[in-house]
>>> print(open('query_38.cif').read())   # mmCIF, C-alpha atoms
data_run
loop_
_atom_site.label_atom_id
_atom_site.label_comp_id
_atom_site.auth_asym_id
_atom_site.auth_seq_id
_atom_site.Cartn_x
_atom_site.Cartn_y
_atom_site.Cartn_z
CA MET Z 9 145.63 116.23 127.57
CA THR Z 10 146.35 118.68 124.79
CA GLU Z 11 149.85 118.44 123.40
CA SER Z 12 151.73 121.68 124.00
CA ASN Z 13 154.84 123.04 122.33
CA GLU Z 14 156.23 123.89 125.77
CA ALA Z 15 155.93 120.31 127.05
CA PHE Z 16 157.66 119.00 123.96
CA SER Z 17 160.44 121.58 123.78
CA ALA Z 18 164.12 120.65 124.09
CA ASP Z 19 164.18 122.45 127.47
CA ALA Z 20 161.26 120.46 128.92
CA ARG Z 21 162.05 117.74 131.48
CA TRP Z 22 160.25 114.38 131.36
CA ASP Z 23 160.80 111.51 133.78
CA LEU Z 24 160.11 108.50 131.57
CA HIS Z 25 160.59 105.71 134.12
CA CYS Z 26 158.32 105.72 137.21
CA HIS Z 27 156.64 103.04 139.32
CA THR Z 28 153.50 103.08 141.47
CA ARG Z 29 151.66 100.81 143.90
CA PHE Z 30 150.49 98.73 140.93
CA SER Z 31 153.92 97.11 140.93
CA ASP Z 32 156.69 97.87 143.43
CA GLY Z 33 156.22 101.57 144.02
CA THR Z 34 154.85 103.01 147.25
CA TYR Z 35 152.65 105.80 145.86
CA THR Z 36 149.51 105.77 143.74
CA PRO Z 37 149.46 106.96 140.12
CA THR Z 38 147.60 110.06 141.32
CA GLU Z 39 150.38 110.85 143.78
CA LEU Z 40 152.97 110.33 141.03
CA VAL Z 41 151.30 112.96 138.87
CA LYS Z 42 150.79 115.37 141.74
CA GLN Z 43 154.43 115.12 142.86
CA ALA Z 44 155.79 115.40 139.32
CA LYS Z 45 153.83 118.57 138.69
CA GLY Z 46 154.91 119.97 142.05
CA LEU Z 47 158.56 119.40 141.12
CA GLY Z 48 158.18 121.43 137.94
CA LEU Z 49 158.55 118.53 135.51
CA GLN Z 50 156.76 118.87 132.19
CA GLY Z 51 155.63 115.25 132.02
CA VAL Z 52 156.08 111.68 133.30
CA ALA Z 53 155.64 108.10 132.18
CA ILE Z 54 154.05 105.44 134.36
CA THR Z 55 156.02 102.20 133.85
CA ASP Z 56 154.91 99.59 136.37
CA HIS Z 57 156.34 96.09 136.03
CA ASP Z 58 154.53 93.75 133.62
CA THR Z 59 151.17 95.51 133.94
CA TYR Z 60 149.03 98.40 132.74
CA ALA Z 61 146.68 98.16 135.74
CA GLY Z 62 147.46 101.74 136.84
CA TRP Z 63 146.58 103.35 133.53
CA ASP Z 64 142.94 104.15 134.35
CA GLU Z 65 143.87 105.98 137.55
CA VAL Z 66 146.74 107.86 135.93
CA ALA Z 67 144.39 108.99 133.14
CA HIS Z 68 142.08 110.56 135.71
CA ALA Z 69 145.04 112.18 137.45
CA ALA Z 70 146.43 113.60 134.20
CA LYS Z 71 143.08 115.25 133.56
CA GLN Z 72 142.63 116.42 137.15
CA TYR Z 73 146.06 118.07 137.35
CA GLU Z 74 146.27 119.03 133.67
CA PHE Z 75 149.61 117.28 133.43
CA PRO Z 76 150.98 115.24 130.50
CA VAL Z 77 151.46 111.49 131.06
CA ILE Z 78 152.80 108.78 128.78
CA ARG Z 79 151.40 105.34 129.54
CA GLY Z 80 153.90 102.50 129.66
CA SER Z 81 155.15 99.35 131.38
CA GLU Z 82 158.51 97.89 132.32
CA ILE Z 83 158.77 94.33 131.02
CA THR Z 84 161.19 91.81 132.50
CA ALA Z 85 163.00 89.81 129.81
CA TYR Z 86 166.18 87.85 129.19
CA ASP Z 87 168.78 87.78 126.43
CA MET Z 88 171.07 84.76 126.64
CA HIS Z 89 172.53 85.02 130.18
CA THR Z 90 171.52 88.62 130.79
CA SER Z 91 168.41 89.87 132.59
CA VAL Z 92 166.99 92.79 130.61
CA HIS Z 93 164.27 95.28 131.49
CA MET Z 94 162.40 96.80 128.56
CA LEU Z 95 160.20 99.89 128.66
CA ALA Z 96 157.10 99.60 126.48
CA TYR Z 97 155.27 102.85 125.76
CA LEU Z 98 151.86 103.69 124.32
CA TYR Z 99 150.85 100.20 123.18
CA ASP Z 100 147.28 98.96 122.85
CA PRO Z 101 146.46 97.32 126.23
CA ASN Z 102 143.65 95.34 124.60
CA ASN Z 103 145.99 93.60 122.21
CA GLU Z 104 145.74 89.84 122.84
CA VAL Z 105 149.46 89.25 122.35
CA MET Z 106 150.31 91.71 125.14
CA ILE Z 107 147.55 90.42 127.40
CA ASP Z 108 148.78 86.84 127.05
CA MET Z 109 152.40 87.82 127.72
CA PHE Z 110 151.51 89.75 130.86
CA VAL Z 111 149.24 87.01 132.22
CA ALA Z 112 151.97 84.40 131.77
CA THR Z 113 154.68 86.61 133.26
CA ARG Z 114 152.64 87.71 136.28
CA GLU Z 115 151.64 84.11 137.09
CA ALA Z 116 155.25 82.98 136.82
CA ARG Z 117 156.42 85.91 138.97
CA LEU Z 118 153.88 85.06 141.67
CA LYS Z 119 154.95 81.41 141.85
CA ARG Z 120 158.63 82.35 141.90
CA THR Z 121 158.09 84.91 144.66
CA ARG Z 122 156.18 82.41 146.77
CA ARG Z 123 158.99 79.86 146.41
CA MET Z 124 161.52 82.47 147.54
CA VAL Z 125 159.39 83.39 150.54
CA GLU Z 126 159.06 79.73 151.56
CA ALA Z 127 162.86 79.42 151.59
CA ILE Z 128 163.49 82.73 153.37
CA ALA Z 129 160.80 82.00 155.98
CA MET Z 130 162.80 79.02 157.18
CA ASP Z 131 165.50 81.42 158.41
CA TYR Z 132 163.80 84.80 158.89
CA PRO Z 133 160.52 86.00 160.50
CA ILE Z 134 158.39 86.52 157.40
CA THR Z 135 155.43 84.64 155.91
CA TRP Z 136 153.59 84.70 152.62
CA ASP Z 137 150.80 86.67 154.34
CA SER Z 138 153.29 89.25 155.63
CA VAL Z 139 154.59 89.70 152.07
CA LEU Z 140 151.07 90.08 150.67
CA ALA Z 141 150.44 92.71 153.36
CA GLN Z 142 153.01 94.89 151.55
CA VAL Z 143 151.10 94.72 148.24
CA GLY Z 144 149.43 98.03 147.50
CA GLU Z 145 146.69 97.19 145.02
CA GLY Z 146 145.76 93.58 145.76
CA GLU Z 147 145.52 91.24 142.79
CA LYS Z 148 146.18 94.13 140.41
CA THR Z 149 149.71 94.51 141.76
CA THR Z 150 152.67 92.75 140.15
CA VAL Z 151 154.21 90.94 143.14
CA GLY Z 152 157.96 90.45 143.38
CA ARG Z 153 161.18 90.83 145.35
CA PRO Z 154 160.44 94.41 146.50
CA HIS Z 155 157.48 93.14 148.48
CA ILE Z 156 159.69 90.50 150.11
CA ALA Z 157 162.13 93.30 150.94
CA ASP Z 158 159.36 95.39 152.48
CA ALA Z 159 158.22 92.42 154.58
CA LEU Z 160 161.78 91.99 155.85
CA VAL Z 161 161.91 95.68 156.75
CA HIS Z 162 158.56 95.40 158.54
CA ALA Z 163 159.91 92.42 160.48
CA GLY Z 164 162.92 94.43 161.58
CA VAL Z 165 165.51 92.44 159.62
CA TYR Z 166 166.56 95.54 157.64
CA ASP Z 167 166.09 99.30 157.96
CA ASN Z 168 165.00 99.86 154.37
CA ARG Z 169 164.37 98.21 151.02
CA SER Z 170 167.81 99.05 149.64
CA GLN Z 171 169.50 97.15 152.48
CA ALA Z 172 167.30 94.14 151.78
CA PHE Z 173 168.31 94.22 148.12
CA ASP Z 174 171.94 94.28 149.14
CA GLY Z 175 171.35 91.18 151.26
CA ILE Z 176 168.63 88.55 151.27
CA CYS Z 177 166.86 89.89 148.18
CA SER Z 178 169.97 90.32 146.03
CA SER Z 179 170.48 88.29 142.87
CA SER Z 180 173.55 86.72 144.49
CA SER Z 181 171.60 85.59 147.57
CA PRO Z 182 171.17 81.83 148.14
CA TYR Z 183 167.42 82.49 148.26
CA TYR Z 184 167.32 84.09 144.81
CA ILE Z 185 165.32 82.48 142.02
CA PRO Z 186 165.50 84.05 138.53
CA THR Z 187 162.33 85.64 137.20
CA PRO Z 188 160.68 83.48 134.48
CA SER Z 189 160.53 85.90 131.57
CA PRO Z 190 160.01 86.21 127.82
CA SER Z 191 163.04 86.85 125.65
CA THR Z 192 163.96 90.35 124.48
CA HIS Z 193 163.07 89.22 120.97
CA GLU Z 194 159.58 88.17 122.08
CA VAL Z 195 159.07 91.49 123.86
CA ILE Z 196 159.94 93.52 120.76
CA ARG Z 197 157.59 91.39 118.68
CA CYS Z 198 154.73 91.69 121.18
CA VAL Z 199 155.06 95.44 121.81
CA HIS Z 200 155.24 96.22 118.11
CA ALA Z 201 152.27 93.95 117.41
CA ALA Z 202 150.38 96.15 119.87
CA GLY Z 203 151.55 99.37 118.20
CA GLY Z 204 153.93 100.39 120.99
CA VAL Z 205 157.43 101.77 121.36
CA VAL Z 206 160.09 99.60 123.02
CA VAL Z 207 163.23 100.83 124.79
CA VAL Z 208 165.90 98.87 126.69
CA ALA Z 209 166.11 100.21 130.25
CA HIS Z 210 169.40 100.83 132.12
CA ALA Z 211 171.41 98.62 129.75
CA GLY Z 212 174.68 99.80 131.31
CA ALA Z 213 173.81 98.89 134.90
CA THR Z 214 176.80 96.82 136.00
CA ALA Z 215 175.47 96.55 139.56
CA ARG Z 216 172.38 94.79 138.25
CA ASN Z 217 174.09 92.43 135.83
CA PRO Z 218 177.51 90.82 135.97
CA GLU Z 219 177.19 90.46 132.20
CA LEU Z 220 175.78 93.41 130.24
CA LEU Z 221 174.17 93.30 126.84
CA SER Z 222 177.01 93.47 124.31
CA ASP Z 223 177.06 95.85 121.36
CA ALA Z 224 176.32 92.86 119.12
CA GLN Z 225 173.30 91.83 121.20
CA ILE Z 226 171.93 95.37 121.13
CA GLU Z 227 172.50 95.60 117.38
CA THR Z 228 170.58 92.35 116.90
CA LEU Z 229 167.66 93.87 118.80
CA ILE Z 230 167.93 97.02 116.68
CA ALA Z 231 167.68 94.88 113.54
CA GLU Z 232 164.51 93.37 115.02
CA GLY Z 233 162.98 96.80 115.58
CA LEU Z 234 164.22 98.12 118.94
CA ASP Z 235 163.18 101.78 119.14
CA GLY Z 236 165.43 103.21 121.85
CA LEU Z 237 167.89 102.98 124.73
CA GLU Z 238 167.57 104.49 128.19
CA ILE Z 239 170.71 106.59 128.60
CA TRP Z 240 170.13 108.85 131.60
CA HIS Z 241 169.68 106.51 134.56
CA ARG Z 242 171.51 106.43 137.89
CA ASP Z 243 172.71 102.85 137.31
CA ASN Z 244 174.32 103.61 133.95
CA SER Z 245 177.93 104.65 134.57
CA ARG Z 246 179.40 107.56 132.63
CA VAL Z 247 181.35 105.10 130.50
CA GLN Z 248 178.19 103.12 129.75
CA GLN Z 249 176.23 106.28 128.97
CA HIS Z 250 178.84 107.16 126.34
CA ARG Z 251 178.71 103.64 124.89
CA LEU Z 252 174.92 103.52 124.74
CA SER Z 253 174.70 107.05 123.33
CA ARG Z 254 177.11 106.12 120.55
CA ILE Z 255 175.06 103.06 119.63
CA ALA Z 256 171.84 105.09 119.72
CA ARG Z 257 173.26 107.86 117.53
CA ASP Z 258 174.75 105.41 115.04
CA HIS Z 259 171.39 103.69 114.63
CA HIS Z 260 169.09 106.73 115.02
CA LEU Z 261 167.41 105.38 118.15
CA ILE Z 262 165.38 107.32 120.69
CA MET Z 263 167.52 108.18 123.74
CA THR Z 264 165.46 108.28 126.93
CA GLY Z 265 166.04 108.99 130.61
CA GLY Z 266 164.26 108.47 133.89
CA SER Z 267 164.61 108.19 137.63
CA ASP Z 268 163.28 104.63 138.05
CA TRP Z 269 161.35 106.20 140.93
CA HIS Z 270 159.60 103.89 143.38
CA GLY Z 271 158.74 106.34 146.15
CA LYS Z 272 159.80 105.43 149.69
CA GLY Z 273 162.39 102.77 150.42
CA LYS Z 274 164.70 103.45 147.50
CA PRO Z 275 167.08 106.39 147.06
CA ASN Z 276 165.90 107.23 143.53
CA LEU Z 277 164.35 110.70 143.48
CA LEU Z 278 161.56 111.63 141.12
CA GLY Z 279 163.04 113.73 138.32
CA GLU Z 280 166.67 113.00 139.21
CA ASN Z 281 167.20 111.81 135.62
CA THR Z 282 165.05 113.06 132.78
CA ALA Z 283 164.76 113.25 129.01
CA PRO Z 284 164.02 116.40 127.01
CA GLY Z 285 160.56 117.10 125.65
CA ASN Z 286 161.50 116.30 122.05
CA VAL Z 287 162.23 112.72 123.19
CA ALA Z 288 158.73 112.48 124.68
CA ALA Z 289 157.37 113.88 121.42
CA ALA Z 290 159.17 111.16 119.43
CA ILE Z 291 157.62 108.45 121.63
CA VAL Z 292 154.16 109.95 121.30
CA LYS Z 293 154.56 110.21 117.53
CA GLN Z 294 155.43 106.51 117.24
CA GLY Z 295 152.98 104.99 119.71
CA ILE Z 296 149.46 103.91 118.83
CA LEU Z 297 148.00 105.65 121.89
CA GLY Z 298 147.93 109.39 122.41
CA LEU Z 299 149.30 111.49 125.22
CA LEU Z 300 147.09 111.81 128.30
#
>>> encode(input="query_38.cif", output="structure tokens")
Amino acid sequence: MTESNEAFSADARWDLHCHTRFSDGTYTPTELVKQAKGLGLQGVAITDHDTYAGWDEVAHAAKQYEFPVIRGSEITAYDMHTSVHMLAYLYDPNNEVMIDMFVATREARLKRTRRMVEAIAMDYPITWDSVLAQVGEGEKTTVGRPHIADALVHAGVYDNRSQAFDGICSSSSPYYIPTPSPSTHEVIRCVHAAGGVVVVAHAGATARNPELLSDAQIETLIAEGLDGLEIWHRDNSRVQQHRLSRIARDHHLIMTGGSDWHGKGKPNLLGENTAPGNVAAAIVKQGILGLL
């Protein structure tokens, strides 16, 4: 994809946080690109959980629809007592450090998910096979709680995925098991070793975390090389957006935005939160990979 001044203008709208069937989304990377173009966006980022398995397909789609795409992943991490999601953009997928981190995380996720299903199945009509039936891309898919939620919906326990996440699949549920994850410090080290750009996602999401990253924790990550903060996200309250924006401005960080779109089953709409084109340009400038 040829970089255009229009796509990178301050008026351009990029959704920099989108999921597909290669993790917990319900649409393919091709459908992501097609829908984003149809909505009049100027570009998107694919950010499936702990994987880059959808990158080949999204590359074909970017070429087919002549639509700019930034390749990325959303990495699950922890910082002290806080679960943290980190968006990694335009890193080298062949870097051994990244490969090893993803292999370890995906294996740990799979074991954790299976343990949760075994516990839930004692009280509700789901099985491990019924959960795997919700997985869109087989072994290439990062399996997790959303697939449990979809199995519960299929079994008639809930009407949709959001209801399941408010109940059995919530982090306060007796069935919940924390996701085994690398630390935020490890993620920054790994992504930078692979030439990528790393951004903390929805750091002001109080509904996700009873304890948010503090200013001091964020500043420690900045000292270690953190590149940006996701500001425009439905789970960041107005107060948190102001706080995160202040930190980002004070430390000259990239300020991103995205819908956290998953397709069906979640209320997030593609393009509901975006970042301007100059933000996308800054990510492309820093990453080792080019724009599709």
>>> resolve_selection(input="query_38.cif", expression="the PyMOL selection byres ((chain Z and resi 243-252) around 9)", output="list in words")
His210, Ala211, Gly212, Ala213, Thr214, Ala215, Arg216, Asp223, Leu237, Glu238, Ile239, Trp240, His241, Arg242, Ser253, Arg254, Ile255, Ala256, Arg257 and Met263 of chain Z
>>> closest_residue(input="query_38.cif", among="Z:Ala96, Z:Cys177, Z:Val151, Z:Val208", to="Trp136 of chain Z", atoms="only C-alpha atoms")
Z:Val151
>>> atom_distance(input="query_38.cif", atom1="atom CA of Phe75 of chain Z", atom2="atom CA of Cys198 of chain Z")
28.8 Å
>>> residues_near_point(input="query_38.cif", point="(154.4, 107.6, 117.2)", cutoff="12 Å", atoms="only C-alpha atoms", output="ChimeraX atom specification")
/Z:78,97-99,200,203-206,235,262,287-299
>>> write_last_selection(input="query_38.cif", atoms="C-alpha atoms", output="PDB file, in the frame of the given file")
ATOM      1  CA  ILE Z  78     152.800 108.780 128.780  1.00  0.00           C
ATOM      2  CA  TYR Z  97     155.270 102.850 125.760  1.00  0.00           C
ATOM      3  CA  LEU Z  98     151.860 103.690 124.320  1.00  0.00           C
ATOM      4  CA  TYR Z  99     150.850 100.200 123.180  1.00  0.00           C
ATOM      5  CA  HIS Z 200     155.240  96.220 118.110  1.00  0.00           C
ATOM      6  CA  GLY Z 203     151.550  99.370 118.200  1.00  0.00           C
ATOM      7  CA  GLY Z 204     153.930 100.390 120.990  1.00  0.00           C
ATOM      8  CA  VAL Z 205     157.430 101.770 121.360  1.00  0.00           C
ATOM      9  CA  VAL Z 206     160.090  99.600 123.020  1.00  0.00           C
ATOM     10  CA  ASP Z 235     163.180 101.780 119.140  1.00  0.00           C
ATOM     11  CA  ILE Z 262     165.380 107.320 120.690  1.00  0.00           C
ATOM     12  CA  VAL Z 287     162.230 112.720 123.190  1.00  0.00           C
ATOM     13  CA  ALA Z 288     158.730 112.480 124.680  1.00  0.00           C
ATOM     14  CA  ALA Z 289     157.370 113.880 121.420  1.00  0.00           C
ATOM     15  CA  ALA Z 290     159.170 111.160 119.430  1.00  0.00           C
ATOM     16  CA  ILE Z 291     157.620 108.450 121.630  1.00  0.00           C
ATOM     17  CA  VAL Z 292     154.160 109.950 121.300  1.00  0.00           C
ATOM     18  CA  LYS Z 293     154.560 110.210 117.530  1.00  0.00           C
ATOM     19  CA  GLN Z 294     155.430 106.510 117.240  1.00  0.00           C
ATOM     20  CA  GLY Z 295     152.980 104.990 119.710  1.00  0.00           C
ATOM     21  CA  ILE Z 296     149.460 103.910 118.830  1.00  0.00           C
ATOM     22  CA  LEU Z 297     148.000 105.650 121.890  1.00  0.00           C
ATOM     23  CA  GLY Z 298     147.930 109.390 122.410  1.00  0.00           C
ATOM     24  CA  LEU Z 299     149.300 111.490 125.220  1.00  0.00           C
TER      25      LEU Z 299
END
>>> resolve_selection(input="query_38.cif", expression="the PyMOL selection byres ((chain Z and resi 21) around 9)", output="list of chain:residue names")
Z:Ala15, Z:Phe16, Z:Ser17, Z:Ala18, Z:Asp19, Z:Ala20, Z:Trp22, Z:Asp23, Z:Gly48, Z:Leu49, Z:Gln50, Z:Gly51, Z:Val52, Z:Gly279, Z:Asn281, Z:Thr282, Z:Ala283, Z:Pro284, Z:Gly285
>>> resolve_selection(input="query_38.cif", expression="the PyMOL selection byres ((chain Z and resi 56) around 9)", output="list of chain:residue names")
Z:His25, Z:Cys26, Z:His27, Z:Thr28, Z:Arg29, Z:Phe30, Z:Ser31, Z:Asp32, Z:Gly33, Z:Ile54, Z:Thr55, Z:His57, Z:Asp58, Z:Thr59, Z:Tyr60, Z:Ala61, Z:Gly62, Z:Gly80, Z:Ser81, Z:Glu82, Z:Ile83, Z:Thr150
>>> closest_atom_pairs(input="query_38.cif", of="segment 139-253 of chain Z", to="segment 101-115 of chain Z", cutoff="12 Å", atoms="all atoms listed in the file", output="Markdown table")
| residue | atom | partner | partner_atom | distance |
| --- | --- | --- | --- | --- |
| Z:Glu147 | CA | Z:Arg114 | CA | 10.3 |
| Z:Lys148 | CA | Z:Arg114 | CA | 10.0 |
| Z:Thr149 | CA | Z:Arg114 | CA | 9.2 |
| Z:Thr150 | CA | Z:Arg114 | CA | 6.4 |
| Z:Val151 | CA | Z:Arg114 | CA | 7.7 |
| Z:Gly152 | CA | Z:Arg114 | CA | 9.3 |
| Z:Thr187 | CA | Z:Thr113 | CA | 8.7 |
| Z:Pro188 | CA | Z:Thr113 | CA | 6.9 |
| Z:Ser189 | CA | Z:Thr113 | CA | 6.1 |
| Z:Pro190 | CA | Z:Thr113 | CA | 7.6 |
| Z:Ser191 | CA | Z:Met109 | CA | 10.9 |
| Z:Glu194 | CA | Z:Met109 | CA | 9.1 |
| Z:Val195 | CA | Z:Met109 | CA | 8.5 |
| Z:Ile196 | CA | Z:Met106 | CA | 10.7 |
| Z:Arg197 | CA | Z:Val105 | CA | 9.2 |
| Z:Cys198 | CA | Z:Val105 | CA | 5.9 |
| Z:Val199 | CA | Z:Met106 | CA | 6.9 |
| Z:His200 | CA | Z:Met106 | CA | 9.7 |
| Z:Ala201 | CA | Z:Val105 | CA | 7.4 |
| Z:Ala202 | CA | Z:Asn103 | CA | 5.6 |
| Z:Gly203 | CA | Z:Asn103 | CA | 9.0 |
| Z:Gly204 | CA | Z:Pro101 | CA | 9.6 |
>>> closest_residue(input="query_38.cif", among="Z:Trp269, Z:Leu95, Z:Ser180, Z:His89", to="Pro37 of chain Z", atoms="only C-alpha atoms")
Z:Trp269
>>> atom_distance(input="query_38.cif", atom1="atom CA of Ile176 of chain Z", atom2="atom CA of Asn217 of chain Z")
16.8 Å
>>> axis_aligned_box(input="query_38.cif", around="segment 283-294 of chain Z", padding_each_side="3 Å", output="lines of an AutoDock Vina configuration file")
center_x = 159.5
center_y = 111.8
center_z = 123.1
size_x = 16.6
size_y = 16.6
size_z = 17.8
>>> atom_distance(input="query_38.cif", atom1="atom CA of Arg123 of chain Z", atom2="atom CA of Asp158 of chain Z")
16.7 Å
>>> closest_residue(input="query_38.cif", among="Z:Lys274, Z:His68, Z:Ala127, Z:Tyr35", to="Asp167 of chain Z", atoms="all atoms listed in the file")
Z:Lys274
>>> closest_residue(input="query_38.cif", among="Z:Ala224, Z:Ala163, Z:Ala231, Z:Leu277", to="Leu261 of chain Z", atoms="all atoms listed in the file")
Z:Ala231
>>> closest_residue(input="query_38.cif", among="Z:Met88, Z:Ser170, Z:Ser138, Z:His162", to="Asn276 of chain Z", atoms="all atoms listed in the file")
Z:Ser170
>>> closest_residue(input="query_38.cif", among="Z:Leu220, Z:Ala172, Z:Ala129, Z:Ile185", to="Pro154 of chain Z", atoms="all atoms listed in the file")
Z:Ala172
>>> decode(input="query_38.cif", residues="segment 191-210 of chain Z", atoms="N, CA, C and O atoms", output="JSON list (two decimals), in the first residue's frame")
[["chain", "number", "residue", "atom", "x", "y", "z"],
["Z", 191, "SER", "N", 5.21, -9.72, 32.14],
["Z", 191, "SER", "CA", 5.07, -8.41, 32.76],
["Z", 191, "SER", "C", 5.08, -7.32, 31.69],
["Z", 191, "SER", "O", 5.54, -7.53, 30.56],
["Z", 192, "THR", "N", 4.58, -6.16, 32.05],
["Z", 192, "THR", "CA", 4.62, -5.01, 31.13],
["Z", 192, "THR", "C", 6.06, -4.70, 30.74],
["Z", 192, "THR", "O", 6.33, -4.29, 29.60],
["Z", 193, "HIS", "N", 6.97, -4.89, 31.67],
["Z", 193, "HIS", "CA", 8.38, -4.59, 31.40],
["Z", 193, "HIS", "C", 8.95, -5.56, 30.37],
["Z", 193, "HIS", "O", 9.71, -5.16, 29.48],
["Z", 194, "GLU", "N", 8.56, -6.83, 30.48],
["Z", 194, "GLU", "CA", 8.99, -7.83, 29.50],
["Z", 194, "GLU", "C", 8.43, -7.50, 28.12],
["Z", 194, "GLU", "O", 9.12, -7.65, 27.10],
["Z", 195, "VAL", "N", 7.17, -7.08, 28.07],
["Z", 195, "VAL", "CA", 6.54, -6.79, 26.79],
["Z", 195, "VAL", "C", 7.26, -5.64, 26.09],
["Z", 195, "VAL", "O", 7.55, -5.72, 24.88],
["Z", 196, "ILE", "N", 7.55, -4.58, 26.81],
["Z", 196, "ILE", "CA", 8.28, -3.46, 26.20],
["Z", 196, "ILE", "C", 9.62, -3.92, 25.66],
["Z", 196, "ILE", "O", 10.01, -3.60, 24.53],
["Z", 197, "ARG", "N", 10.32, -4.73, 26.45],
["Z", 197, "ARG", "CA", 11.63, -5.22, 26.01],
["Z", 197, "ARG", "C", 11.50, -6.07, 24.75],
["Z", 197, "ARG", "O", 12.26, -5.90, 23.79],
["Z", 198, "CYS", "N", 10.53, -6.97, 24.73],
["Z", 198, "CYS", "CA", 10.36, -7.87, 23.59],
["Z", 198, "CYS", "C", 9.94, -7.13, 22.32],
["Z", 198, "CYS", "O", 10.49, -7.37, 21.24],
["Z", 199, "VAL", "N", 8.95, -6.24, 22.45],
["Z", 199, "VAL", "CA", 8.47, -5.51, 21.27],
["Z", 199, "VAL", "C", 9.56, -4.63, 20.69],
["Z", 199, "VAL", "O", 9.74, -4.57, 19.46],
["Z", 200, "HIS", "N", 10.32, -3.96, 21.54],
["Z", 200, "HIS", "CA", 11.39, -3.11, 21.04],
["Z", 200, "HIS", "C", 12.52, -3.94, 20.44],
["Z", 200, "HIS", "O", 13.14, -3.52, 19.45],
["Z", 201, "ALA", "N", 12.78, -5.11, 21.01],
["Z", 201, "ALA", "CA", 13.80, -6.00, 20.43],
["Z", 201, "ALA", "C", 13.42, -6.41, 19.02],
["Z", 201, "ALA", "O", 14.29, -6.67, 18.18],
["Z", 202, "ALA", "N", 12.10, -6.44, 18.76],
["Z", 202, "ALA", "CA", 11.60, -6.81, 17.44],
["Z", 202, "ALA", "C", 11.33, -5.59, 16.56],
["Z", 202, "ALA", "O", 10.73, -5.72, 15.48],
["Z", 203, "GLY", "N", 11.73, -4.42, 17.01],
["Z", 203, "GLY", "CA", 11.60, -3.21, 16.19],
["Z", 203, "GLY", "C", 10.21, -2.62, 16.17],
["Z", 203, "GLY", "O", 9.89, -1.82, 15.27],
["Z", 204, "GLY", "N", 9.35, -2.97, 17.14],
["Z", 204, "GLY", "CA", 7.97, -2.50, 17.13],
["Z", 204, "GLY", "C", 7.70, -1.30, 18.01],
["Z", 204, "GLY", "O", 8.59, -0.77, 18.68],
["Z", 205, "VAL", "N", 6.45, -0.89, 17.98],
["Z", 205, "VAL", "CA", 5.95, 0.25, 18.74],
["Z", 205, "VAL", "C", 4.97, -0.30, 19.77],
["Z", 205, "VAL", "O", 4.09, -1.09, 19.43],
["Z", 206, "VAL", "N", 5.10, 0.13, 21.04],
["Z", 206, "VAL", "CA", 4.26, -0.45, 22.09],
["Z", 206, "VAL", "C", 3.47, 0.64, 22.81],
["Z", 206, "VAL", "O", 4.00, 1.67, 23.21],
["Z", 207, "VAL", "N", 2.16, 0.38, 22.93],
["Z", 207, "VAL", "CA", 1.19, 1.33, 23.48],
["Z", 207, "VAL", "C", 0.35, 0.61, 24.54],
["Z", 207, "VAL", "O", -0.09, -0.51, 24.31],
["Z", 208, "VAL", "N", 0.11, 1.25, 25.69],
["Z", 208, "VAL", "CA", -0.79, 0.67, 26.68],
["Z", 208, "VAL", "C", -2.23, 0.92, 26.25],
["Z", 208, "VAL", "O", -2.62, 2.07, 25.99],
["Z", 209, "ALA", "N", -3.02, -0.15, 26.18],
["Z", 209, "ALA", "CA", -4.42, -0.04, 25.76],
["Z", 209, "ALA", "C", -5.32, 0.28, 26.96],
["Z", 209, "ALA", "O", -5.04, -0.15, 28.08],
["Z", 210, "HIS", "N", -6.36, 1.03, 26.71],
["Z", 210, "HIS", "CA", -7.43, 1.37, 27.68],
["Z", 210, "HIS", "C", -6.95, 1.37, 29.14],
["Z", 210, "HIS", "O", -7.50, 0.66, 29.99]]
